[in-house]
$ cat protein01.cif   # mmCIF, C-alpha atoms
data_my_file
loop_
_atom_site.label_atom_id
_atom_site.label_comp_id
_atom_site.auth_asym_id
_atom_site.auth_seq_id
_atom_site.Cartn_x
_atom_site.Cartn_y
_atom_site.Cartn_z
CA MET T 1 61.78 50.70 168.40
CA ALA T 2 62.20 47.26 169.91
CA ALA T 3 65.06 45.08 168.78
CA LEU T 4 64.44 43.17 165.59
CA SER T 5 63.91 39.45 165.80
CA SER T 6 65.68 36.90 163.64
CA PRO T 7 63.78 35.33 160.73
CA THR T 8 61.63 32.36 161.66
CA ALA T 9 61.40 28.95 160.06
CA TRP T 10 58.38 27.79 158.10
CA PRO T 11 55.95 26.08 160.53
CA ALA T 12 55.31 22.40 159.96
CA GLY T 13 52.60 21.81 157.38
CA THR T 14 52.83 25.30 155.90
CA HIS T 15 53.16 25.55 152.12
CA ARG T 16 56.68 26.57 151.16
CA PRO T 17 57.06 28.17 147.69
CA ALA T 18 59.41 26.15 145.51
CA ALA T 19 61.58 29.21 144.92
CA TRP T 20 62.18 29.86 148.63
CA ALA T 21 65.81 29.76 149.76
CA GLN T 22 67.09 28.01 152.88
CA ARG T 23 65.58 29.42 156.05
CA THR T 24 66.96 29.73 159.58
CA PRO T 25 66.46 26.93 162.17
CA ALA T 26 63.09 26.25 163.73
CA GLY T 27 64.20 27.68 167.06
CA SER T 28 63.97 31.22 165.70
CA ARG T 29 61.56 33.62 167.37
CA VAL T 30 58.67 35.82 166.33
CA HIS T 31 58.86 39.51 167.21
CA GLY T 32 56.02 40.53 169.49
CA ALA T 33 54.26 37.14 170.04
CA HIS T 34 54.18 34.22 172.50
CA GLY T 35 54.34 30.48 171.75
CA PRO T 36 56.96 28.08 170.38
CA HIS T 37 57.72 30.56 167.57
CA ALA T 38 57.81 33.60 169.82
CA GLU T 39 59.88 35.47 172.36
CA PRO T 40 58.24 36.98 175.48
CA VAL T 41 57.71 40.75 175.53
CA ALA T 42 57.69 42.72 178.79
CA ARG T 43 54.41 44.46 179.52
CA ASN T 44 56.01 47.60 180.79
CA SER T 45 53.41 50.25 180.09
CA THR T 46 49.79 50.90 180.91
CA ALA T 47 48.99 51.59 177.25
CA ALA T 48 50.44 48.23 176.19
CA ALA T 49 48.43 46.42 178.87
CA GLU T 50 45.22 48.08 177.74
CA ARG T 51 45.85 47.03 174.14
CA ILE T 52 46.54 43.46 175.15
CA ALA T 53 43.19 43.27 176.92
CA ALA T 54 41.21 44.64 173.96
CA ARG T 55 40.41 42.69 170.80
CA ARG T 56 41.51 45.06 168.06
CA ALA T 57 41.22 45.11 164.31
CA CYS T 58 44.29 43.47 162.75
CA ALA T 59 45.79 43.49 159.26
CA PHE T 60 48.46 41.26 157.76
CA VAL T 61 51.14 42.44 155.33
CA PHE T 62 52.74 39.78 153.16
CA ILE T 63 55.78 40.37 150.90
CA ALA T 64 54.65 38.23 147.98
CA ASN T 65 57.80 38.55 145.87
CA LEU T 66 60.36 37.84 148.59
CA PRO T 67 61.19 34.38 147.12
CA HIS T 68 61.79 36.07 143.75
CA LEU T 69 64.11 38.61 145.36
CA VAL T 70 66.06 35.72 146.94
CA GLU T 71 66.53 34.10 143.52
CA ALA T 72 67.31 37.31 141.67
CA TYR T 73 69.48 39.14 144.20
CA GLY T 74 70.37 36.74 147.00
CA GLN T 75 69.36 36.06 150.60
CA ASP T 76 71.13 39.12 152.00
CA PHE T 77 69.07 41.51 149.91
CA ALA T 78 65.85 39.63 150.70
CA SER T 79 66.60 39.89 154.43
CA ALA T 80 67.33 43.60 154.06
CA THR T 81 64.00 43.96 152.27
CA SER T 82 62.16 42.34 155.16
CA LEU T 83 63.83 44.64 157.68
CA GLU T 84 63.06 47.69 155.55
CA VAL T 85 59.37 46.81 155.36
CA GLN T 86 59.39 46.41 159.13
CA ARG T 87 61.12 49.80 159.50
CA ARG T 88 58.46 51.45 157.32
CA LEU T 89 55.71 49.83 159.37
CA CYS T 90 57.24 51.09 162.61
CA ALA T 91 57.83 54.58 161.20
CA ASN T 92 54.33 55.07 159.81
CA PHE T 93 51.81 52.76 161.47
CA ILE T 94 53.09 51.73 164.93
CA SER T 95 52.79 53.45 168.30
CA LEU T 96 54.18 50.67 170.52
CA PRO T 97 56.03 47.89 168.65
CA SER T 98 55.58 45.39 171.49
CA SER T 99 51.78 45.57 171.37
CA ASP T 100 50.97 46.83 167.87
CA MET T 101 52.98 44.55 165.56
CA ALA T 102 54.21 40.98 165.23
CA ARG T 103 56.77 39.79 162.72
CA LEU T 104 55.81 36.19 162.03
CA ARG T 105 58.43 35.53 159.39
CA ASP T 106 60.65 37.46 156.97
CA ASP T 107 57.71 37.84 154.59
CA CYS T 108 54.76 38.29 156.97
CA PHE T 109 53.78 40.93 159.54
CA LEU T 110 50.69 41.55 161.64
CA LEU T 111 49.58 45.08 162.43
CA TRP T 112 46.96 45.90 165.08
CA GLU T 113 44.84 49.02 165.28
CA ASN T 114 46.55 51.79 167.25
CA GLU T 115 46.87 55.58 167.32
CA ALA T 116 49.05 55.55 164.19
CA PHE T 117 46.84 53.00 162.39
CA ASP T 118 43.41 54.40 163.17
CA CYS T 119 40.77 52.07 161.79
CA ALA T 120 37.82 53.56 163.72
CA ALA T 121 37.75 56.54 161.36
CA HIS T 122 36.95 54.14 158.51
CA GLY T 123 34.09 52.22 160.09
CA MET T 124 36.30 49.79 161.99
CA ARG T 125 35.06 50.45 165.53
CA ASP T 126 32.78 47.45 165.16
CA ARG T 127 34.98 44.46 164.30
CA GLY T 128 32.19 43.07 162.14
CA ASP T 129 32.90 45.84 159.64
CA ALA T 130 36.58 44.89 159.26
CA PRO T 131 36.36 43.04 155.93
CA HIS T 132 34.68 46.05 154.30
CA ALA T 133 37.01 48.81 155.48
CA SER T 134 39.52 49.17 152.65
CA ARG T 135 40.90 52.64 153.17
CA PRO T 136 43.42 51.69 155.91
CA ILE T 137 44.66 48.76 153.81
CA GLU T 138 44.99 50.97 150.73
CA THR T 139 47.10 53.39 152.77
CA LEU T 140 49.26 50.52 154.02
CA LEU T 141 49.91 49.25 150.51
CA ALA T 142 50.59 52.70 149.09
CA VAL T 143 52.99 53.80 151.82
CA LEU T 144 54.91 50.56 152.29
CA GLY T 145 55.45 50.06 148.56
CA ALA T 146 55.96 53.68 147.52
CA GLU T 147 59.75 53.57 147.33
CA PRO T 148 62.20 50.93 146.19
CA VAL T 149 64.20 49.05 148.80
CA ARG T 150 67.90 49.85 148.44
CA ALA T 151 70.69 47.73 149.89
CA GLY T 152 74.14 46.72 148.70
CA GLY T 153 73.87 48.72 145.49
CA ILE T 154 70.57 46.97 144.55
CA ALA T 155 67.18 48.64 144.21
CA ALA T 156 63.92 46.69 143.97
CA LEU T 157 60.22 47.13 144.65
CA VAL T 158 58.17 44.94 146.96
CA GLN T 159 54.97 43.24 145.81
CA LEU T 160 52.67 43.40 148.81
CA HIS T 161 49.52 41.53 149.75
CA ALA T 162 47.49 42.85 152.68
CA ASP T 163 44.07 42.28 154.19
CA TRP T 164 42.20 42.06 157.47
CA ILE T 165 42.54 38.98 159.64
CA ASP T 166 40.88 37.99 162.92
CA VAL T 167 43.60 37.12 165.48
CA ARG T 168 44.30 37.77 169.12
CA SER T 169 46.75 40.35 170.45
CA PRO T 170 50.48 39.77 169.79
CA GLN T 171 51.19 38.58 173.35
CA GLN T 172 48.47 35.92 173.07
CA LEU T 173 49.30 34.38 169.71
CA GLY T 174 50.04 30.65 169.83
CA ALA T 175 51.79 28.35 167.38
CA SER T 176 48.61 27.08 165.70
CA GLU T 177 47.24 30.59 165.20
CA ILE T 178 50.58 31.75 163.74
CA GLU T 179 50.58 28.81 161.34
CA LEU T 180 47.00 29.54 160.24
CA THR T 181 47.83 33.22 159.78
CA LEU T 182 50.81 32.43 157.58
CA TRP T 183 48.69 30.12 155.44
CA THR T 184 45.94 32.74 155.14
CA ALA T 185 48.29 35.59 154.27
CA GLN T 186 49.93 33.92 151.29
CA PRO T 187 48.29 34.89 147.98
CA PHE T 188 47.13 32.08 145.73
CA PRO T 189 50.08 31.00 143.55
CA ASP T 190 50.02 32.01 139.90
CA SER T 191 49.72 28.80 137.91
CA ARG T 192 50.95 30.62 134.78
CA GLU T 193 54.31 31.52 136.31
CA SER T 194 57.25 29.75 134.71
CA ARG T 195 61.01 29.68 135.08
CA ALA T 196 62.39 29.82 131.55
CA ASP T 197 66.07 30.11 130.74
CA GLY T 198 67.31 33.58 131.56
CA TRP T 199 64.55 34.17 134.14
CA ARG T 200 66.92 35.84 136.60
CA GLN T 201 68.28 38.23 133.99
CA LEU T 202 64.78 39.11 132.76
CA TYR T 203 63.54 39.65 136.32
CA ARG T 204 66.38 42.03 137.11
CA ALA T 205 65.91 43.91 133.83
CA ASP T 206 62.17 44.23 134.48
CA MET T 207 62.86 45.41 138.03
CA ASP T 208 65.24 48.11 136.77
CA VAL T 209 62.41 49.46 134.61
CA ALA T 210 59.92 49.20 137.49
CA VAL T 211 62.25 51.16 139.78
CA ARG T 212 62.61 53.81 137.07
CA VAL T 213 58.81 54.09 136.83
CA SER T 214 58.47 54.29 140.61
CA GLU T 215 61.02 57.08 140.82
CA ALA T 216 59.25 58.97 138.02
CA LEU T 217 55.90 58.73 139.81
CA ARG T 218 57.39 60.10 143.02
CA ALA T 219 59.02 62.94 141.04
CA GLU T 220 55.69 63.61 139.29
CA ASP T 221 57.25 62.94 135.90
CA LEU T 222 54.11 61.16 134.66
CA SER T 223 52.17 63.03 131.99
CA PHE T 224 49.55 62.29 129.35
CA SER T 225 49.09 62.95 125.68
CA TRP T 226 45.43 63.19 124.70
CA GLN T 227 43.71 61.98 121.54
CA PRO T 228 40.08 62.84 120.75
CA VAL T 229 37.69 60.05 119.80
CA VAL T 230 35.62 61.73 117.07
CA HIS T 231 32.67 61.10 114.76
CA PRO T 232 33.67 60.41 111.13
CA GLY T 233 31.30 63.08 109.83
CA SER T 234 32.48 65.81 112.18
CA VAL T 235 35.71 65.90 114.15
CA ALA T 236 34.03 68.48 116.37
CA THR T 237 31.76 65.73 117.73
CA THR T 238 33.90 64.12 120.41
CA LEU T 239 32.98 61.02 122.41
CA TYR T 240 35.87 61.54 124.85
CA ARG T 241 39.61 62.18 124.90
CA ALA T 242 41.82 59.17 125.47
CA GLY T 243 44.93 59.70 127.59
CA ARG T 244 48.20 57.92 126.90
CA ALA T 245 50.58 57.88 129.85
CA ARG T 246 54.24 58.61 129.37
CA ILE T 247 57.20 59.16 131.65
CA ALA T 248 59.53 62.05 130.98
CA PRO T 249 63.09 61.11 130.01
CA SER T 250 65.64 61.09 132.80
CA HIS T 251 69.26 62.12 132.48
CA GLY T 252 70.87 60.36 129.55
CA GLU T 253 67.56 59.29 127.96
CA ALA T 254 66.59 60.68 124.58
CA ALA T 255 62.86 59.99 124.67
CA SER T 256 59.95 59.48 127.04
CA LEU T 257 59.32 56.03 128.49
CA LEU T 258 56.08 54.77 126.94
CA PRO T 259 53.54 52.22 128.24
CA GLU T 260 54.35 49.65 125.59
CA VAL T 261 57.85 49.54 127.08
CA PHE T 262 57.24 49.67 130.84
CA MET T 263 53.81 48.07 131.27
CA PRO T 264 54.91 44.54 130.19
CA CYS T 265 57.71 44.79 132.78
CA LEU T 266 55.30 45.80 135.53
CA GLN T 267 52.87 43.06 134.51
CA ARG T 268 55.51 40.31 134.64
CA LEU T 269 56.52 41.50 138.12
CA GLY T 270 52.94 41.82 139.35
CA LEU T 271 53.56 45.51 140.11
CA THR T 272 50.95 47.30 137.98
CA ARG T 273 48.62 48.20 140.84
CA ALA T 274 50.47 51.23 142.20
CA PHE T 275 50.87 52.61 138.67
CA ASP T 276 47.17 52.09 137.87
CA ARG T 277 46.21 53.81 141.12
CA THR T 278 48.37 56.82 140.25
CA VAL T 279 46.91 57.02 136.75
CA MET T 280 43.37 57.02 138.10
CA ARG T 281 44.17 59.71 140.66
CA ARG T 282 45.64 61.88 137.90
CA ALA T 283 42.53 61.28 135.79
CA VAL T 284 40.30 62.47 138.63
CA ALA T 285 42.47 65.58 139.02
CA ALA T 286 42.21 66.27 135.27
CA LEU T 287 38.43 65.98 135.36
CA ARG T 288 38.25 68.48 138.20
CA LEU T 289 40.43 70.95 136.29
CA GLN T 290 38.32 70.56 133.12
CA PRO T 291 34.67 70.38 134.27
CA SER T 292 33.32 69.91 130.74
CA SER T 293 35.80 67.24 129.61
CA HIS T 294 35.16 63.53 129.17
CA ILE T 295 38.39 61.55 129.38
CA GLY T 296 39.60 57.97 129.29
CA VAL T 297 42.68 56.35 130.80
CA SER T 298 43.99 52.81 130.58
CA ILE T 299 44.59 50.40 133.43
CA SER T 300 46.13 46.95 133.30
CA ALA T 301 44.28 43.65 133.33
CA GLN T 302 45.80 42.94 136.78
CA GLY T 303 43.94 45.94 138.18
CA ILE T 304 40.47 44.85 137.08
CA GLN T 305 39.16 43.73 140.45
CA VAL T 306 37.38 45.51 143.28
CA ASP T 307 39.89 45.39 146.12
CA HIS T 308 41.66 47.64 148.61
CA TRP T 309 43.66 49.44 145.90
CA TRP T 310 40.50 51.15 144.64
CA ALA T 311 39.04 52.25 147.99
CA SER T 312 39.76 55.98 147.63
CA LEU T 313 38.72 56.07 143.96
CA LEU T 314 35.37 54.41 144.66
CA ALA T 315 34.79 56.85 147.53
CA VAL T 316 35.42 59.79 145.17
CA LEU T 317 33.07 58.38 142.53
CA ASP T 318 30.38 57.84 145.16
CA ARG T 319 30.69 61.44 146.33
CA GLU T 320 30.93 62.96 142.84
CA PRO T 321 28.63 61.16 140.39
CA ALA T 322 28.91 64.02 137.89
CA LEU T 323 32.66 63.41 137.74
CA ALA T 324 32.18 59.66 137.39
CA SER T 325 29.92 60.17 134.37
CA ARG T 326 32.81 61.85 132.53
CA LEU T 327 35.33 59.07 133.14
CA VAL T 328 36.07 56.20 130.76
CA ILE T 329 38.17 53.33 132.11
CA GLU T 330 40.00 51.57 129.30
CA ILE T 331 41.04 47.97 129.89
CA ALA T 332 44.26 47.04 128.13
CA ASP T 333 45.14 43.43 127.29
CA SER T 334 41.71 42.03 128.18
CA ALA T 335 42.83 38.56 127.10
CA ALA T 336 45.10 38.50 130.18
CA LEU T 337 42.34 39.10 132.73
CA PRO T 338 43.22 36.77 135.62
CA ASP T 339 39.66 36.34 136.94
CA LEU T 340 36.60 36.89 134.74
CA GLU T 341 34.18 36.92 137.66
CA ALA T 342 36.24 39.57 139.44
CA ALA T 343 36.47 41.55 136.20
CA HIS T 344 32.69 41.43 135.81
CA ASP T 345 32.18 42.68 139.37
CA PHE T 346 34.70 45.48 138.85
CA CYS T 347 33.06 46.72 135.66
CA VAL T 348 29.58 46.54 137.16
CA GLN T 349 30.67 48.52 140.22
CA LEU T 350 32.24 51.25 138.09
CA GLN T 351 29.29 51.40 135.71
CA LEU T 352 26.83 51.64 138.59
CA ARG T 353 28.71 54.74 139.69
CA GLY T 354 28.35 56.26 136.22
CA CYS T 355 31.70 55.42 134.61
CA ARG T 356 32.00 53.87 131.17
CA ILE T 357 34.14 50.81 130.42
CA ALA T 358 36.15 50.46 127.21
CA ILE T 359 37.99 47.41 125.88
CA ARG T 360 41.16 48.42 124.04
CA ASP T 361 42.99 46.84 121.10
CA PHE T 362 40.26 44.33 120.27
CA GLY T 363 41.02 42.22 117.21
CA SER T 364 44.76 41.99 117.85
CA GLY T 365 44.71 38.20 117.59
CA THR T 366 44.84 37.45 121.32
CA ASP T 367 41.25 38.40 122.08
CA ASN T 368 39.16 36.61 124.65
CA LEU T 369 35.47 36.87 123.78
CA ALA T 370 34.60 35.56 127.24
CA ALA T 371 36.51 38.50 128.75
CA VAL T 372 34.58 41.00 126.63
CA GLN T 373 31.30 39.41 127.58
CA ALA T 374 32.29 39.41 131.27
CA CYS T 375 33.21 43.11 131.22
CA GLY T 376 30.06 44.25 129.39
CA PRO T 377 31.86 47.28 127.90
CA ASP T 378 30.24 50.50 126.79
CA ILE T 379 32.99 50.99 124.19
CA VAL T 380 35.12 48.60 122.14
CA LYS T 381 38.25 50.01 120.50
CA LEU T 382 39.60 48.02 117.57
CA ASP T 383 43.29 47.29 117.30
CA ALA T 384 45.08 49.70 114.94
CA ALA T 385 46.41 46.76 112.90
CA LEU T 386 42.92 46.16 111.47
CA LEU T 387 42.90 49.58 109.83
CA ARG T 388 46.45 49.17 108.57
CA ARG T 389 45.53 45.88 106.89
CA ALA T 390 42.42 47.48 105.40
CA ARG T 391 44.66 49.90 103.50
CA ASP T 392 46.22 47.05 101.51
CA ASN T 393 43.40 45.10 99.88
CA GLU T 394 39.72 44.25 99.81
CA PHE T 395 40.18 41.30 102.16
CA GLY T 396 41.54 43.63 104.85
CA ARG T 397 38.62 45.99 104.34
CA GLU T 398 36.17 43.11 104.60
CA CYS T 399 37.80 42.02 107.86
CA LEU T 400 37.38 45.54 109.22
CA ARG T 401 33.70 45.60 108.22
CA GLY T 402 33.13 42.21 109.82
CA MET T 403 34.85 43.22 113.05
CA LEU T 404 32.80 46.43 113.27
CA ALA T 405 29.58 44.48 112.77
CA MET T 406 30.53 41.89 115.40
CA CYS T 407 31.59 44.44 118.00
CA ALA T 408 28.32 46.33 117.59
CA HIS T 409 26.76 43.36 119.43
CA PHE T 410 29.20 43.78 122.33
CA ALA T 411 28.99 47.53 122.99
CA PRO T 412 26.97 50.62 122.03
CA HIS T 413 30.10 52.38 120.73
CA VAL T 414 32.85 50.96 118.52
CA VAL T 415 36.04 52.94 117.81
CA VAL T 416 38.42 52.43 114.88
CA ASP T 417 41.87 53.26 116.25
CA GLY T 418 45.06 53.97 114.32
CA VAL T 419 43.86 56.74 111.97
CA GLU T 420 47.08 58.29 110.66
CA ARG T 421 46.25 59.76 107.22
CA ASP T 422 43.38 61.14 105.21
CA ASP T 423 42.47 57.95 103.38
CA ASP T 424 42.19 56.12 106.73
CA VAL T 425 39.13 58.24 107.52
CA HIS T 426 37.53 57.24 104.17
CA ILE T 427 38.36 53.53 104.65
CA ALA T 428 37.01 53.44 108.21
CA SER T 429 33.88 55.41 107.33
CA HIS T 430 33.15 53.17 104.34
CA ALA T 431 33.48 50.12 106.60
CA GLY T 432 30.83 51.53 108.91
CA ALA T 433 32.89 53.14 111.69
CA GLN T 434 31.00 55.12 114.32
CA TRP T 435 34.05 56.70 115.95
CA LEU T 436 37.68 57.32 114.99
CA GLN T 437 40.91 57.84 116.90
CA GLY T 438 44.52 58.33 115.88
CA TYR T 439 47.40 60.72 115.36
CA GLY T 440 45.96 61.68 111.98
CA ILE T 441 42.94 63.25 113.67
CA GLY T 442 44.60 65.29 116.35
CA ARG T 443 46.37 65.33 119.64
CA ASP T 444 45.86 67.87 122.37
CA GLY T 445 49.14 67.48 124.20
CA GLY T 446 48.97 68.03 127.93
CA ARG T 447 45.32 69.13 128.26
CA PRO T 448 42.33 66.77 128.06
#
$ encode --input "protein01.cif" --output "structure tokens"
Amino acid sequence: MAALSSPTAWPAGTHRPAAWAQRTPAGSRVHGAHGPHAEPVARNSTAAAERIAARRACAFVFIANLPHLVEAYGQDFASATSLEVQRRLCANFISLPSSDMARLRDDCFLLWENEAFDCAAHGMRDRGDAPHASRPIETLLAVLGAEPVRAGGIAALVQLHADWIDVRSPQQLGASEIELTLWTAQPFPDSRESRADGWRQLYRADMDVAVRVSEALRAEDLSFSWQPVVHPGSVATTLYRAGRARIAPSHGEAASLLPEVFMPCLQRLGLTRAFDRTVMRRAVAALRLQPSSHIGVSISAQGIQVDHWWASLLAVLDREPALASRLVIEIADSAALPDLEAAHDFCVQLQLRGCRIAIRDFGSGTDNLAAVQACGPDIVKLDAALLRRARDNEFGRECLRGMLAMCAHFAPHVVVDGVERDDDVHIASHAGAQWLQGYGIGRDGGRP
């Protein structure tokens, strides 16, 4: 592997995140590129010369949370993170570093098509198809972010942003093209992000949980408990079985790690995508093992968009429509959907392939009716608190009846969740429930 370059300064006119720490002087060089920001690379092989001459498909990889890692853990760890991402790129996706990759800055890399990053197999031989070929980008994201970065006794996960970009070969890049690439690669800033007191401590605590989840996924310690969604008149009539993810306890832990504990941490860090992808892959595997089962699994609001993360899943659903028809995708925390138009497109694409969409925990007090309308769900699942309040008095029961009547306008199926005892079935049925779910009905353990 070629020697690593030093970090480069932010080009003039480029947006610098407010959280970014002091950078190195503007005389720093870019690995594998020419121009004011670059150092020359010797063309010492025939293969490299051939790649320089050809216009190849190119992807960028951007470490979106590098400024956060600077604030939370210091510049040394952030620099080590950048070098580790570069090492993973070279180990998995690079044939010749001098002609296949350029490191524009600590947080941004360019990767050109080569023998180790074969885009032609995914419809990339014609450069006009580049924006639509998601499988290579999905592989990039999955491999580069699979393991935590470890340095100086610290472990943290990288939040990556990657996509195709149209640029010249690394030896031909100039200063203006580098500047434009850096601007293009940066994800749109989250306007909801805030720096409250104790932000650093919360970030590090969240990251500790995220690392624990990542390690559990690699060790295959993720499992599901399954609850049937049944008809009030006959528990044998099942709409589908809803899966609840859990992570087996590690050494020193007394209980499993549950989604209500780890998902808020992943959401605050912007790291739900890898977890959602794993959950969906496990759901597909469960459907193949149980050809007659209909199952549902939850994904986060951050994952409700058709992008590179879903490339392999969409390909499976296209090839196996019978499998797709048995899959329910439950959207948790619909009020937090970041983009209603993207959510609408996602739900439409999944429904066109035969899947059903469910909105979970509706009526919790943070509902967004616009989000429900955008998603066009097949199923709405009421928050369990509505049934608990209906146990207490007539007002609670009237609220449950009203919510059931309203949700019937949003979806063909409405589920009363939280059934825990016999009288819950009577209360829900009397309120007009179509379907019931809860620990009081049954749980099938590890099989859907």
$ residues_around --input "protein01.cif" --residues "Asp221 in chain T" --least-positions-apart "3" --cutoff "12 Å" --atoms "all atoms listed in the file" --output "PDB file with C-alpha atoms, in the frame of the given file"
ATOM      1  CA  ARG T 212      62.610  53.810 137.070  1.00  0.00           C
ATOM      2  CA  VAL T 213      58.810  54.090 136.830  1.00  0.00           C
ATOM      3  CA  SER T 214      58.470  54.290 140.610  1.00  0.00           C
ATOM      4  CA  GLU T 215      61.020  57.080 140.820  1.00  0.00           C
ATOM      5  CA  ALA T 216      59.250  58.970 138.020  1.00  0.00           C
ATOM      6  CA  LEU T 217      55.900  58.730 139.810  1.00  0.00           C
ATOM      7  CA  ARG T 218      57.390  60.100 143.020  1.00  0.00           C
ATOM      8  CA  PHE T 224      49.550  62.290 129.350  1.00  0.00           C
ATOM      9  CA  ALA T 245      50.580  57.880 129.850  1.00  0.00           C
ATOM     10  CA  ARG T 246      54.240  58.610 129.370  1.00  0.00           C
ATOM     11  CA  ILE T 247      57.200  59.160 131.650  1.00  0.00           C
ATOM     12  CA  ALA T 248      59.530  62.050 130.980  1.00  0.00           C
ATOM     13  CA  PRO T 249      63.090  61.110 130.010  1.00  0.00           C
ATOM     14  CA  SER T 250      65.640  61.090 132.800  1.00  0.00           C
ATOM     15  CA  SER T 256      59.950  59.480 127.040  1.00  0.00           C
ATOM     16  CA  LEU T 257      59.320  56.030 128.490  1.00  0.00           C
ATOM     17  CA  THR T 278      48.370  56.820 140.250  1.00  0.00           C
ATOM     18  CA  VAL T 279      46.910  57.020 136.750  1.00  0.00           C
ATOM     19  CA  ARG T 282      45.640  61.880 137.900  1.00  0.00           C
TER      20      ARG T 282
END
$ atom_distance --input "protein01.cif" --atom1 "CA of Cys375 in chain T" --atom2 "CA of His344 in chain T"
4.9 Å
$ atom_distance --input "protein01.cif" --atom1 "CA of Ala411 in chain T" --atom2 "CA of Ala358 in chain T"
8.8 Å
$ closest_residue --input "protein01.cif" --among "T:Leu141, T:Ile295, T:Ala385, T:Arg356" --to "Arg277 in chain T" --atoms "only C-alpha atoms"
T:Leu141
$ closest_residue --input "protein01.cif" --among "T:Ser293, T:Ala155, T:Leu160, T:Leu69" --to "Val85 in chain T" --atoms "only C-alpha atoms"
T:Leu160
$ axis_aligned_box --input "protein01.cif" --around "range 293-306 of chain T" --padding-each-side "8 Å" --output "AutoDock Vina command-line options"
--center_x 40.6 --center_y 55.1 --center_z 136.2 --size_x 27.0 --size_y 40.3 --size_z 30.1
$ atom_distance --input "protein01.cif" --atom1 "CA of Ile137 in chain T" --atom2 "CA of Cys58 in chain T"
10.4 Å
$ closest_residue --input "protein01.cif" --among "T:Leu157, T:Val230, T:Ala286, T:Ala162" --to "Phe77 in chain T" --atoms "only C-alpha atoms"
T:Leu157
$ resolve_selection --input "protein01.cif" --expression "the PyMOL selection byres ((chain T and resi 408) around 12)" --output "list in words"
Pro377, Asp378, Ile379, Val380, Lys381, Leu382, Arg401, Gly402, Met403, Leu404, Ala405, Met406, Cys407, His409, Phe410, Ala411, Pro412, His413, Val414, Val415, Gly432, Ala433, Gln434 and Trp435 of chain T
$ residues_around --input "protein01.cif" --residues "Trp164 in chain T" --least-positions-apart "2" --cutoff "12 Å" --atoms "only C-alpha atoms" --output "JSON, numbers by chain"
{"T": [56, 57, 58, 59, 60, 61, 62, 109, 110, 111, 112, 113, 119, 124, 127, 128, 129, 130, 131, 132, 133, 134, 135, 136, 137, 138, 140, 161, 162, 166, 167, 181, 184, 185, 308]}
$ write_last_selection --input "protein01.cif" --atoms "C-alpha atoms" --output "PDB file, keeping the file's coordinate frame"
ATOM      1  CA  ARG T  56      41.510  45.060 168.060  1.00  0.00           C
ATOM      2  CA  ALA T  57      41.220  45.110 164.310  1.00  0.00           C
ATOM      3  CA  CYS T  58      44.290  43.470 162.750  1.00  0.00           C
ATOM      4  CA  ALA T  59      45.790  43.490 159.260  1.00  0.00           C
ATOM      5  CA  PHE T  60      48.460  41.260 157.760  1.00  0.00           C
ATOM      6  CA  VAL T  61      51.140  42.440 155.330  1.00  0.00           C
ATOM      7  CA  PHE T  62      52.740  39.780 153.160  1.00  0.00           C
ATOM      8  CA  PHE T 109      53.780  40.930 159.540  1.00  0.00           C
ATOM      9  CA  LEU T 110      50.690  41.550 161.640  1.00  0.00           C
ATOM     10  CA  LEU T 111      49.580  45.080 162.430  1.00  0.00           C
ATOM     11  CA  TRP T 112      46.960  45.900 165.080  1.00  0.00           C
ATOM     12  CA  GLU T 113      44.840  49.020 165.280  1.00  0.00           C
ATOM     13  CA  CYS T 119      40.770  52.070 161.790  1.00  0.00           C
ATOM     14  CA  MET T 124      36.300  49.790 161.990  1.00  0.00           C
ATOM     15  CA  ARG T 127      34.980  44.460 164.300  1.00  0.00           C
ATOM     16  CA  GLY T 128      32.190  43.070 162.140  1.00  0.00           C
ATOM     17  CA  ASP T 129      32.900  45.840 159.640  1.00  0.00           C
ATOM     18  CA  ALA T 130      36.580  44.890 159.260  1.00  0.00           C
ATOM     19  CA  PRO T 131      36.360  43.040 155.930  1.00  0.00           C
ATOM     20  CA  HIS T 132      34.680  46.050 154.300  1.00  0.00           C
ATOM     21  CA  ALA T 133      37.010  48.810 155.480  1.00  0.00           C
ATOM     22  CA  SER T 134      39.520  49.170 152.650  1.00  0.00           C
ATOM     23  CA  ARG T 135      40.900  52.640 153.170  1.00  0.00           C
ATOM     24  CA  PRO T 136      43.420  51.690 155.910  1.00  0.00           C
ATOM     25  CA  ILE T 137      44.660  48.760 153.810  1.00  0.00           C
ATOM     26  CA  GLU T 138      44.990  50.970 150.730  1.00  0.00           C
ATOM     27  CA  LEU T 140      49.260  50.520 154.020  1.00  0.00           C
ATOM     28  CA  HIS T 161      49.520  41.530 149.750  1.00  0.00           C
ATOM     29  CA  ALA T 162      47.490  42.850 152.680  1.00  0.00           C
ATOM     30  CA  ASP T 166      40.880  37.990 162.920  1.00  0.00           C
ATOM     31  CA  VAL T 167      43.600  37.120 165.480  1.00  0.00           C
ATOM     32  CA  THR T 181      47.830  33.220 159.780  1.00  0.00           C
ATOM     33  CA  THR T 184      45.940  32.740 155.140  1.00  0.00           C
ATOM     34  CA  ALA T 185      48.290  35.590 154.270  1.00  0.00           C
ATOM     35  CA  HIS T 308      41.660  47.640 148.610  1.00  0.00           C
TER      36      HIS T 308
END
$ resolve_selection --input "protein01.cif" --expression "the PyMOL selection byres ((chain T and resi 420-425) around 7)" --output "VMD selection string"
chain T and resid 232 418 to 419 426 to 429 438 to 440
$ resolve_selection --input "protein01.cif" --expression "the PyMOL selection byres ((chain T and resi 259-269) around 9)" --output "PyMOL selection string"
chain T and resi 65+159+203+205-207+209-210+213+244-247+257-258+270-273+275+300-302
